[in-house]
Amino acid sequence: MRTLLRLSLLFLFAAVNACAQAPAQPPGSLPFTLKPLGHSVYAAIDDAKGDAGANAGFVIGDNGVAVIDTFENPAAAKALLAEIRKLTNLPVKFVINTHYHIDHVAGNRIFQEAGATLLAQRNVRAWIHTENLKFFGNNIKPEERAMVEGLAAPELVYESGIDLFLGSRLIRVRAFPGHTGGDSVVTIPDANVEFCGDLFWRNTLPNLIDASTTVWRATLLKIAEGLPGGTFVPGHGDTGNAGDVAAFRNYLQDLSALVAGPVKEGKSGDALVSAALPGLKEKYGKWDFFDDFAKSDILDMAAEIQGVKKVPHAE
């Protein structure tokens with residue numbers, strides 16, 4: 001993620017090579033930390049340099065494997081598939097995309113070519129090829145456009161959710177509003193584990209470019225209350241618990257409160273950022289991505305409060 005979202009008004013994805021080519025890795029190293037969560041459930045946590053771009057994970061069932069998200073680049077996806085193969089020879093049956101953002105889907109084709117069915121909330125199928133273009137700005141290069149348009153899109157879609165089975169093992173997928181309008185949470189009930197995608201960022205400032213934070217805060221309440229004592233895998237940051245989910249919800253709430261006053265006073269642009277930033281930094285300045293997203297989060301929240309926020313709409 002640190003290599004992403006730098007072009008456009010707020011963010012820039014790294015040059016197309018970050019998604020299309022292998023990042024430089026020392027021999028034998030991985031671009032993520034593979035974290036066993038028990039009951040054959042694993043989280044793949046992006047390394048400190050952001051080489052994988054985001055978190056992912058997988059579940060080994062009775063007769064196959066389900067993968068949750070596929071990173072920012074195919075090289076990281078290939079590394080994840082290789083780690084799965086060290087643990088099981090069962091086929092990878094499903095890949096679940098938690099949302100359309102390129103740092104979570106750029107490795108889709110690696111698993112599709114290995115025989116997996118790609119699935120996601122209905123909006124992701126179109127947005128993966130359309131909305132991802134905005135991250136490259138108005139002067140997108142032909143090779144960048146071709147890369148986005150060539151991403152492997154979900155083949156199976158759902159509106160509000162779907163239940164998947166790996167033999168007797170249930171994987172519950174449910175859509176929730178908040179981060180993009182096409183987000184899903186993946187629950188493994190028998191392991192008490194939930195993959196939240198970018199609906200949860202642990203001790204990390206989020207990307208709010210597509211967000212509707214009022215409904216997002218309600219979603220976070222449901223997530224935390226729905227899995228008591230559970231382990232929550234965020235889209236960015238290490239695994240957490242319900243308290244960490246609550247802390248992230250508090251960030252969105254505090255951000256709204258800090259921005260609402262200056263907006264009411266008529267402040268905008270740099271003046272608005274200057275008014276809200278000190279309070280935000282005092283409480284959240286040590287969170288990851290603060291320098292990357294604090295200013296843009298303030299401006300995105302202001303646009304939402306003013307009712308002028310542009311978010312993706314279902315086609």
# chains A, B, ... in the order shown; residues from 1 in each chain; ligands from 1

call {"tool": "select_by_dssp", "arguments": {"residues": "stretch 182-311 of chain A", "states": "alpha helix (DSSP H)", "output": "PyMOL selection string"}}
result
chain A and resi 213-226+242-264+269-284+290-306

call {"tool": "residues_around", "arguments": {"residues": "stretch 271-277 of chain A", "least_positions_apart": "4", "cutoff": "8 Å", "atoms": "only C-alpha atoms", "output": "list of chain:residue names"}}
result
A:Leu258, A:Val259, A:Pro262, A:Val263, A:Lys267, A:Lys281, A:Ala294, A:Lys295, A:Ile298, A:Leu299

call {"tool": "select_by_dssp", "arguments": {"residues": "stretch 141-194 of chain A", "states": "strand (DSSP E)", "output": "NGL selection string"}}
result
:A and (156-158 or 161-166 or 169-176 or 183-188 or 193-194)

call {"tool": "residues_around", "arguments": {"residues": "A:Phe289", "least_positions_apart": "2", "cutoff": "8 Å", "atoms": "only C-alpha atoms", "output": "PyMOL selection string"}}
result
chain A and resi 2+204-206+287+291-294

call {"tool": "closest_residue", "arguments": {"among": "A:Val41, A:Val245, A:Ala106, A:Leu151", "to": "A:Asp69", "atoms": "only C-alpha atoms"}}
result
A:Ala106
